[in-house]
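**Student:** To start, I am sharing the structure in question, which I have written as C-alpha cells.
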Amino acid sequence: MLKKIEWCPGCGNFGILKAFNTTVEKLSNSGIDRGRIVVVAGIGCHGKLPDYVELPSFHTIHGRVLPALTGIKLANPDLFPVGFSGDGDAMNEGLEHLLHSAKRNTDVTLFMHNNGVFGLTTGQFTATTPKGVRTRTTPYGNPEEPLNPSLIALVSGATFVARAFAGDMKQLSEIMFEAVMHKGFSFVEILQPCVSFNNTWDYYRKNVKKIKTPENFSDAVRISIDTLNTGIIYRTERETFEEAMMRTK
Amino acid sequence: MDLNICISGAAGDGVKEAGELCGRIFADLGYNVFIYQEYQSIIRGGHNASVVRISDKKIHSHRKYYELLICLEDYIYRMHSPYLRGDVIFDSKFSCEGIGIPMTEIVKEEHEPMIFRNAASIGALSAYFGIDFDTVEVMFRERFGEKAEDDIVIAGSAYEYYMKNYSPKMEIKRNGPGKKLVSGAVAVSEGMVNAGLEYYYAYPMTPASPVLHYLVRRKGVVAYQPESEISAISMTVGSAIAGKRSATGTSGGGFALMCESIGMAGIAEIPVLIIEAQRSGPSTGMATYSGQEDLEFVLHPSHGEFPLVVASPYSIEDGFRMAGELLNLAWKYQTPAILLTDKHLVESIETASIDENSVKKQDIAIIDRSEEIVKRYRITESGVSDYAVPPAIVKINSNEHDEFGLTTDDAEIRKKMHEKRMKKDKLIEREVSDSAYHLFFRGQECIVTWGSTFGAVYEVAEELGYRVAVIRYMRPFIPPKLRKAVVVESNYTGQLAKMLREKADIEVESILKWDGRPFTPEELRERLG
C-alpha cells in the first residue's frame, strides 16, 4: 500500500477501489499495462483514490477531471485515461464538461461516485441530493429536485452509460472493465453511501434493481429514469473525438 | 517615402481585407508596410477602418493623419475627415469632394455582391499611385488563386475609370525585392510551433482568436475549441501531462477563468504557455480595442506562491521570438508561462523579418517508462526534477505532495517541496537576464515602454533625442538601471511605471492613454515635445 487510506470506516469508496483494482488486474491480463491506465481525480473524498493506486495519476482541481482526460487522450491515444469524480465534482462544478465530453465522444471513462452529499467538506447538499433532505446548508430541507447523472450522460450523447452500486463489487468491476474497454465516452454512475453524512447502505441494499441492457435508446432513457436501476443502460458505437480530430492531421 | 492610407467602410464592406490587399501591393514592391485594423464588435454595419502605412524605412506603427482616405460610406467620411491631410477616393453612390469612383455601379455590372467594392477600391488606389496594373493582378492571383478573376475584373474597371477621368498623383516605383506580410497572431503561432508546439486549445475571444484561427489550419498542430476557457487550459495541462508541448490563448475575461488552473500547473509543475491578448477592460469593456491594462493582474493570476514567467513582446518579430522563448522556458523549468500581448500587436500586420533560426525547440529529458513510481518531484539542488510522462508510473498532484507525488500535509516535506519549486524562480531570472529588456538609440533621457506601444515610441524617440528601453520580462522583473524615465503605456494607472518606481526606485513620468486606440507617432511627438 502506498499510503494509509483515509476514508471513513464503512465508506462506499472501499468497494469502488477494490472493484477498480480487480479491473486493473483484468486489464493487465488483457495486455493493457498499468502504465497506460492514467487515473485523473477531482476534489472530494473520491479524490484521494490516486494516492491508493500504483498507476500514473493526476489529482486535479474541482470539477475539471474530464478536460484533463481529454487532453491526455488526444496527446497520446495509446493511453486509457480513467476519471473519478464525485457528484459535486461532476454534477455541480464542471457539469458542462460532462455534457461536452459525451457530445464529442472522447474515448475516456468517467466513474462518478454518487453519494448525494459533499462529504469531505462535511455534509452540504449537492446536485444529486433529493428534494427535502436536510443537510448542513439546507437545514429546512433541500429546496431543489436532484439531477439524474446517467440520464444526463445518455441524452448528451455518451456511447456507454451504466449505473452500478458500490455494494455489489462483482457487478461493479464487470461494468468498470467494459467501460474502460469501450471505444468512445463511457460514463458509469456509482451509487455510493456516505456513512458520515448520507448513509444509504440499507436503502440501496434493499432497493437497487439489476436490469438487462435494453435494445434501443428510448428504452435506455426509460430505464435510466428510475435511479435504482443498475447495469449497463446503453452501449453503442460512433466515431470518437480523437478519430475525428486526427483524420485531418 | 512615407504614406498613410486609410480605407474605411461599414462592417461587412471588406475593409479589413482591402487593407491587407493594399499592404500586399506595396510589400510586393519592396516597401515596409504596417497595417492597423480598427473595427467594432459588429458583424454588419457600424464602422471599420484599415490604416495602411507605407515607408522606405523600418516601421512598427501606423500614423494618425492620412495622405489618402478611401471611403465606402458617407457617414464614415464625416468620422474620418478630421484626420485627412490629402485626397479622398469615394464610392460616387454618395456625393463628396474628391475623387469619385462609381464602385457600386461597377460591382452591379459584374453581378457581384457589394463586398467586391473592396476590389474596386484597390483598383482605384493603384491608379492613384501610378502602380502598374500587372502588379495588382499578380497580387490578386497570389492571394486568391483561381478565384481571383472576379476581383481582377472589378479592380480593372475601377483602375480604367480612374485613368480615364483623373491622372495619377504619384508614380510608385519598385523599392527592392518583395517583402512578406506577417500578422502578430501568425508570428506568435509560428514561434510556438518552432519551439515544438503540438497542441493548442482555445475558446473564441477577441483579440486572441486569430491565433486559434491560424492554428486550426496549420499542419503539424492539433488545435481545438472546447466548451470554455477553463476546459481549454485543463486540456492544455492534460496534453502536457502526456508529454506534448501545448498552449492556450485568450483575452482578459477568459484569462480570469483560467486563473485557478494556472496555480494548479504551478504546484503540479506542469509546463503550459498561455497567450493573453489584452483588450480594453474592465469586464467586456471594448472588445475590439487595444489596451495594456492587465499587467498587474497577469503578474499574480492565482492564489498561493509558485514560479511563473510573464513576458510581453514589443513587435511582431519579437512575438515570434518570445513565443518560442516562453514555450522553451516553460518546459525547461516545468512551470506556467504567460505571453502578455495586446490587440494592437496580435491583429496588426507588418513586413516583419522573421528569423526562423532565432527559435529552436530546446528538448528536455523525459522519462516515459518505469517499473515503479517515479520520483517526479525529487528534491534537487536546482529545484528542477526529472519530467516524467505515462506510461511511466508518474503521479501528478495539485495537493502538496512528497517526491513521489503522493498527497501530504507533513510540515517538513511541505517546507522542502515548496522551497524546491520556488528555487526555480532564481534559475529563470538568471536565464532571461540578458533579454529582460532591449535598448535602442542613444540619448540623455530614456523612454521606457512595453508591448505594442513600442511601435510609436520607436519612431519618435530618435528624432526627439531619447533612448528607449523596452521591457520584455515582467516576471522575473529585471529593470534597466536608470535614475529617471518617461514611461509610455496604454492604461490609466501607469502599471509599468509603478513597478519601475517601486521595484527599481526610478523617478518616473507617465504618458498614458486609455481610449482603446494605440499611440501614434504624432500624438507622442506632441506629448513628449
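Residues are referred to by chain and number: the chain letter is A, B, ... according to the order shown in the C-alpha cells, the number counts from 1 in that chain, and ligands are numbered separately from 1 in the order shown.
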Would you list the contacts of segment 204-221 of chain A as a CSV table (one decimal) with C-alpha atoms, in the first residue's frame, taking every protein, DNA or RNA residue within 8 Å and counting only C-alpha atoms, but skipping same-chain residues closer than 3 positions in sequence?
**Tutor:**
```csv
chain,number,residue,atom,x,y,z
A,151,LEU,CA,-29.9,10.3,-17.8
A,154,LEU,CA,-27.3,9.4,-22.0
A,155,VAL,CA,-29.1,12.4,-23.6
A,165,PHE,CA,-23.8,0.1,-6.7
A,167,GLY,CA,-22.0,-2.6,-2.5
A,200,THR,CA,-27.9,4.9,2.3
A,201,TRP,CA,-26.5,1.3,2.8
A,224,SER,CA,-32.2,5.4,-16.6
A,225,ILE,CA,-35.1,7.5,-15.2
A,228,LEU,CA,-32.4,2.5,-8.6
A,229,ASN,CA,-31.9,0.6,-11.9
A,230,THR,CA,-28.3,-0.7,-12.2
A,231,GLY,CA,-26.5,-2.4,-15.1
A,232,ILE,CA,-25.3,-1.3,-18.5
A,233,ILE,CA,-28.0,1.1,-19.6
A,234,TYR,CA,-26.8,1.9,-23.1
```
**Student:** With chain A as the partner and 9 Å as the cut-off, tabulate the residues of chain B that qualify, each row holding the nearest pair of atoms and their distance in Å to one decimal, using only C-alpha atoms, sorted by chain and rising number, as JSON lines.
**Tutor:**
```
{"residue": "B:Glu198", "atom": "CA", "partner": "A:Ala75", "partner_atom": "CA", "distance": 8.5}
{"residue": "B:Tyr199", "atom": "CA", "partner": "A:Ala75", "partner_atom": "CA", "distance": 7.6}
{"residue": "B:Arg218", "atom": "CA", "partner": "A:Lys249", "partner_atom": "CA", "distance": 9.0}
{"residue": "B:Lys219", "atom": "CA", "partner": "A:Lys249", "partner_atom": "CA", "distance": 6.4}
{"residue": "B:Gly220", "atom": "CA", "partner": "A:Lys249", "partner_atom": "CA", "distance": 6.8}
{"residue": "B:Val221", "atom": "CA", "partner": "A:Lys249", "partner_atom": "CA", "distance": 7.7}
{"residue": "B:Val222", "atom": "CA", "partner": "A:Lys249", "partner_atom": "CA", "distance": 7.2}
{"residue": "B:Ala223", "atom": "CA", "partner": "A:Met245", "partner_atom": "CA", "distance": 8.9}
{"residue": "B:Tyr224", "atom": "CA", "partner": "A:Met245", "partner_atom": "CA", "distance": 8.5}
{"residue": "B:Pro226", "atom": "CA", "partner": "A:His100", "partner_atom": "CA", "distance": 8.2}
{"residue": "B:Glu227", "atom": "CA", "partner": "A:His100", "partner_atom": "CA", "distance": 6.9}
{"residue": "B:Ser228", "atom": "CA", "partner": "A:Glu96", "partner_atom": "CA", "distance": 8.8}
{"residue": "B:Ile230", "atom": "CA", "partner": "A:Arg64", "partner_atom": "CA", "distance": 8.0}
{"residue": "B:Ser231", "atom": "CA", "partner": "A:Pro67", "partner_atom": "CA", "distance": 5.4}
{"residue": "B:Ala232", "atom": "CA", "partner": "A:Pro67", "partner_atom": "CA", "distance": 7.6}
{"residue": "B:Ile233", "atom": "CA", "partner": "A:Pro67", "partner_atom": "CA", "distance": 8.4}
{"residue": "B:Ser234", "atom": "CA", "partner": "A:Ala68", "partner_atom": "CA", "distance": 5.1}
{"residue": "B:Met235", "atom": "CA", "partner": "A:Gly71", "partner_atom": "CA", "distance": 4.0}
{"residue": "B:Thr236", "atom": "CA", "partner": "A:Gly71", "partner_atom": "CA", "distance": 6.2}
{"residue": "B:Val237", "atom": "CA", "partner": "A:Ala68", "partner_atom": "CA", "distance": 6.6}
{"residue": "B:Gly238", "atom": "CA", "partner": "A:Gly71", "partner_atom": "CA", "distance": 4.2}
{"residue": "B:Ser239", "atom": "CA", "partner": "A:Gly71", "partner_atom": "CA", "distance": 4.5}
{"residue": "B:Ala240", "atom": "CA", "partner": "A:Ile72", "partner_atom": "CA", "distance": 7.7}
{"residue": "B:Ile241", "atom": "CA", "partner": "A:Ile72", "partner_atom": "CA", "distance": 6.7}
{"residue": "B:Ala242", "atom": "CA", "partner": "A:Ile72", "partner_atom": "CA", "distance": 5.3}
{"residue": "B:Gly243", "atom": "CA", "partner": "A:Ala75", "partner_atom": "CA", "distance": 7.6}
{"residue": "B:Lys244", "atom": "CA", "partner": "A:Ala75", "partner_atom": "CA", "distance": 6.3}
{"residue": "B:Glu260", "atom": "CA", "partner": "A:Ile61", "partner_atom": "CA", "distance": 8.1}
{"residue": "B:Ser261", "atom": "CA", "partner": "A:Ile61", "partner_atom": "CA", "distance": 7.5}
{"residue": "B:Met264", "atom": "CA", "partner": "A:Ile61", "partner_atom": "CA", "distance": 7.2}
{"residue": "B:Ala268", "atom": "CA", "partner": "A:Thr60", "partner_atom": "CA", "distance": 8.8}
{"residue": "B:Arg369", "atom": "CA", "partner": "A:Gly35", "partner_atom": "CA", "distance": 7.7}
{"residue": "B:Ser370", "atom": "CA", "partner": "A:Gly35", "partner_atom": "CA", "distance": 8.1}
{"residue": "B:Glu371", "atom": "CA", "partner": "A:Gly35", "partner_atom": "CA", "distance": 8.7}
{"residue": "B:Glu372", "atom": "CA", "partner": "A:Glu54", "partner_atom": "CA", "distance": 7.9}
{"residue": "B:Ile373", "atom": "CA", "partner": "A:Glu54", "partner_atom": "CA", "distance": 7.1}
{"residue": "B:Val389", "atom": "CA", "partner": "A:Pro56", "partner_atom": "CA", "distance": 8.2}
{"residue": "B:Pro390", "atom": "CA", "partner": "A:Gly35", "partner_atom": "CA", "distance": 5.8}
{"residue": "B:Pro391", "atom": "CA", "partner": "A:Gly35", "partner_atom": "CA", "distance": 3.9}
{"residue": "B:Ala392", "atom": "CA", "partner": "A:Gly35", "partner_atom": "CA", "distance": 5.6}
{"residue": "B:Ile393", "atom": "CA", "partner": "A:Pro56", "partner_atom": "CA", "distance": 4.4}
{"residue": "B:Val394", "atom": "CA", "partner": "A:Pro56", "partner_atom": "CA", "distance": 4.6}
{"residue": "B:Lys395", "atom": "CA", "partner": "A:Ser57", "partner_atom": "CA", "distance": 4.7}
{"residue": "B:Ile396", "atom": "CA", "partner": "A:Phe58", "partner_atom": "CA", "distance": 4.5}
{"residue": "B:Asn397", "atom": "CA", "partner": "A:His59", "partner_atom": "CA", "distance": 4.8}
{"residue": "B:Ser398", "atom": "CA", "partner": "A:Thr60", "partner_atom": "CA", "distance": 5.5}
{"residue": "B:Asn399", "atom": "CA", "partner": "A:His59", "partner_atom": "CA", "distance": 7.4}
{"residue": "B:Gly405", "atom": "CA", "partner": "A:Asp51", "partner_atom": "CA", "distance": 8.4}
{"residue": "B:Leu406", "atom": "CA", "partner": "A:Asp51", "partner_atom": "CA", "distance": 5.7}
{"residue": "B:Thr407", "atom": "CA", "partner": "A:Asp51", "partner_atom": "CA", "distance": 6.8}
```
**Student:** For Lys420 of chain B, which residue among B:Glu269, B:Glu350, B:Glu463, B:Asp355 is the nearest when counting only C-alpha atoms?
**Tutor:**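 Ranking B:Glu269, B:Glu350, B:Glu463, B:Asp355 by distance to Lys420 of chain B, first place goes to B:Glu269.
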**Student:** Given only C-alpha atoms as the basis, pick out the residue of B:Ile43, B:Leu181, B:Val374, B:Ile5 nearest to Arg85 of chain B.
**Tutor:**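 Among B:Ile43, B:Leu181, B:Val374, B:Ile5, it is B:Ile5 that comes nearest to Arg85 of chain B.
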**Student:** What does the structure give for the distance between atom CA of Tyr140 of chain A and atom CA of Glu93 of chain A, in Å to one decimal?
**Tutor:** 23.4 Å
**Student:** DSSP on the backbone: which residues in segment 8-220 of chain A end up as strand (DSSP E or B)? Give the answer as an MDAnalysis selection string.
**Tutor:** chainID A and resid 37:41 57:59 80:86 109:114 118 124 135 138 160:165 186:191 194 198 209:210
**Student:** What lies within 10 Å of Met79 of chain B using only C-alpha atoms, ignoring chain neighbours under 4 positions off, as an mmCIF file with C-alpha atoms, in the first residue's frame?
**Tutor:**
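Result file selection_6.cif:
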```
data_model
loop_
_atom_site.group_PDB
_atom_site.id
_atom_site.type_symbol
_atom_site.label_atom_id
_atom_site.label_comp_id
_atom_site.auth_asym_id
_atom_site.auth_seq_id
_atom_site.Cartn_x
_atom_site.Cartn_y
_atom_site.Cartn_z
ATOM 1 C CA SER B 8 -12.898 52.858 -44.284
ATOM 2 C CA HIS B 47 -17.616 51.327 -38.769
ATOM 3 C CA ASP B 74 -20.807 58.875 -46.465
ATOM 4 C CA TYR B 75 -21.420 58.776 -42.692
ATOM 5 C CA TYR B 83 -7.636 63.184 -39.908
#
```
**Student:** Residues near Pro177 of chain B, anyone? I mean within 12 Å using only C-alpha atoms, not counting same-chain ones fewer than 4 positions away, as an MDAnalysis selection string.
**Tutor:** chainID B and resid 26:32 173
**Student:** Per DSSP on the backbone, filter segment 8-213 of chain A down to the residues in alpha helix (DSSP H) and report them as number ranges by chain.
**Tutor:** A: 13-29, 65-75, 87, 95-104, 149-156, 169-181, 201-207
**Student:** Emit the selected residues as a CSV table (one decimal), in the first residue's frame, including C-alpha atoms.
**Tutor:**
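Listing of out23.csv after writing:
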```csv
chain,number,residue,atom,x,y,z
A,13,ASN,CA,-15.2,4.1,-1.6
A,14,PHE,CA,-13.6,0.9,-0.3
A,15,GLY,CA,-15.8,-1.2,-2.6
A,16,ILE,CA,-15.2,1.1,-5.6
A,17,LEU,CA,-11.4,0.9,-5.0
A,18,LYS,CA,-11.5,-2.8,-4.7
A,19,ALA,CA,-13.6,-3.2,-7.8
A,20,PHE,CA,-11.2,-0.9,-9.7
A,21,ASN,CA,-8.1,-2.9,-8.6
A,22,THR,CA,-9.8,-6.0,-9.9
A,23,THR,CA,-10.5,-4.2,-13.2
A,24,VAL,CA,-6.8,-3.1,-13.5
A,25,GLU,CA,-5.7,-6.7,-13.0
A,26,LYS,CA,-8.1,-7.8,-15.6
A,27,LEU,CA,-6.9,-5.1,-18.0
A,28,SER,CA,-3.3,-6.1,-17.4
A,29,ASN,CA,-4.2,-9.7,-18.2
A,65,VAL,CA,-11.4,15.9,-14.5
A,66,LEU,CA,-12.9,15.5,-18.0
A,67,PRO,CA,-11.0,18.2,-19.9
A,68,ALA,CA,-7.8,16.8,-18.3
A,69,LEU,CA,-8.7,13.3,-19.5
A,70,THR,CA,-9.4,14.7,-23.0
A,71,GLY,CA,-6.1,16.5,-23.2
A,72,ILE,CA,-4.2,13.3,-22.2
A,73,LYS,CA,-6.1,11.1,-24.6
A,74,LEU,CA,-5.7,13.4,-27.6
A,75,ALA,CA,-2.0,13.8,-26.9
A,87,ASP,CA,-21.4,14.1,-7.6
A,95,LEU,CA,-21.1,19.9,-15.2
A,96,GLU,CA,-20.6,21.4,-18.7
A,97,HIS,CA,-17.6,19.2,-19.2
A,98,LEU,CA,-19.7,16.0,-18.8
A,99,LEU,CA,-22.2,17.3,-21.4
A,100,HIS,CA,-19.4,18.2,-23.9
A,101,SER,CA,-17.3,15.0,-23.3
A,102,ALA,CA,-20.4,12.9,-24.0
A,103,LYS,CA,-21.3,15.1,-27.1
A,104,ARG,CA,-17.8,14.8,-28.5
A,149,PRO,CA,-26.5,11.8,-13.8
A,150,SER,CA,-27.0,8.7,-16.0
A,151,LEU,CA,-29.9,10.3,-17.8
A,152,ILE,CA,-27.9,13.4,-18.4
A,153,ALA,CA,-24.9,11.4,-19.8
A,154,LEU,CA,-27.3,9.4,-22.0
A,155,VAL,CA,-29.1,12.4,-23.6
A,156,SER,CA,-25.8,14.2,-24.0
A,169,MET,CA,-18.4,-5.5,-6.3
A,170,LYS,CA,-18.9,-8.2,-8.8
A,171,GLN,CA,-21.3,-6.2,-11.0
A,172,LEU,CA,-19.2,-3.0,-10.5
A,173,SER,CA,-15.9,-4.5,-11.6
A,174,GLU,CA,-17.6,-6.1,-14.6
A,175,ILE,CA,-19.1,-2.8,-15.6
A,176,MET,CA,-15.7,-1.0,-15.0
A,177,PHE,CA,-13.9,-3.3,-17.3
A,178,GLU,CA,-16.5,-3.0,-20.0
A,179,ALA,CA,-16.4,0.8,-19.6
A,180,VAL,CA,-12.6,1.1,-20.0
A,181,MET,CA,-12.6,-1.2,-23.0
A,201,TRP,CA,-26.5,1.3,2.8
A,202,ASP,CA,-29.7,-0.2,3.9
A,203,TYR,CA,-31.8,1.7,1.5
A,204,TYR,CA,-29.7,0.7,-1.5
A,205,ARG,CA,-29.2,-2.9,-0.4
A,206,LYS,CA,-32.9,-3.3,-0.2
A,207,ASN,CA,-34.0,-1.4,-3.3
```
**Student:** Any idea what's packed within 12 Å of Gln278 of chain B, counting only C-alpha atoms, ignoring anything in its chain fewer than 3 positions away? Could you give it as an MDAnalysis selection string?
**Tutor:** chainID B and resid 205:209 249:256 275 281:295 297:298 312 339:347 451:452 490:491 516
**Student:** Give me a file of those residues, with C-alpha atoms, as a CSV table (one decimal), in the first residue's frame.
**Tutor:**
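See part_2.csv below for the written result:
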```csv
chain,number,residue,atom,x,y,z
B,205,MET,CA,-12.3,35.6,-27.6
B,206,THR,CA,-11.3,38.8,-29.3
B,207,PRO,CA,-8.4,39.6,-29.9
B,208,ALA,CA,-6.8,36.2,-29.2
B,209,SER,CA,-9.0,34.3,-31.7
B,249,GLY,CA,-4.8,31.6,-25.6
B,250,THR,CA,-7.4,34.1,-24.6
B,251,SER,CA,-8.0,37.7,-23.5
B,252,GLY,CA,-8.6,39.2,-20.0
B,253,GLY,CA,-12.0,37.7,-19.3
B,254,GLY,CA,-11.1,34.2,-20.4
B,255,PHE,CA,-7.8,34.5,-18.6
B,256,ALA,CA,-9.7,35.3,-15.4
B,275,ILE,CA,-1.3,33.7,-24.5
B,281,GLY,CA,-11.3,46.4,-20.0
B,282,PRO,CA,-12.6,46.0,-17.4
B,283,SER,CA,-15.1,43.2,-18.0
B,284,THR,CA,-16.5,43.1,-21.5
B,285,GLY,CA,-15.0,46.6,-21.9
B,286,MET,CA,-14.4,47.4,-25.6
B,287,ALA,CA,-13.9,44.0,-27.1
B,288,THR,CA,-12.2,45.0,-30.3
B,289,TYR,CA,-10.0,47.8,-29.0
B,290,SER,CA,-6.5,47.6,-27.6
B,291,GLY,CA,-5.1,48.3,-24.1
B,292,GLN,CA,-2.3,47.4,-21.7
B,293,GLU,CA,-4.4,47.2,-18.5
B,294,ASP,CA,-3.8,43.6,-17.5
B,295,LEU,CA,-0.2,43.7,-16.4
B,297,PHE,CA,-3.5,41.1,-12.9
B,298,VAL,CA,-1.4,38.7,-15.0
B,312,SER,CA,5.5,40.8,-23.3
B,339,LEU,CA,2.8,35.7,-23.1
B,340,LEU,CA,1.1,39.0,-22.4
B,341,THR,CA,0.3,40.8,-25.7
B,342,ASP,CA,-2.4,43.1,-26.9
B,343,LYS,CA,-4.9,43.6,-29.7
B,344,HIS,CA,-2.7,46.1,-31.5
B,345,LEU,CA,0.2,43.6,-31.8
B,346,VAL,CA,-1.8,40.4,-32.5
B,347,GLU,CA,-4.1,41.9,-35.1
B,451,GLY,CA,4.2,45.8,-25.7
B,452,SER,CA,2.9,47.2,-28.9
B,490,SER,CA,-1.8,52.3,-22.6
B,491,ASN,CA,-3.6,52.3,-19.3
B,516,GLY,CA,-8.6,51.9,-26.8
```
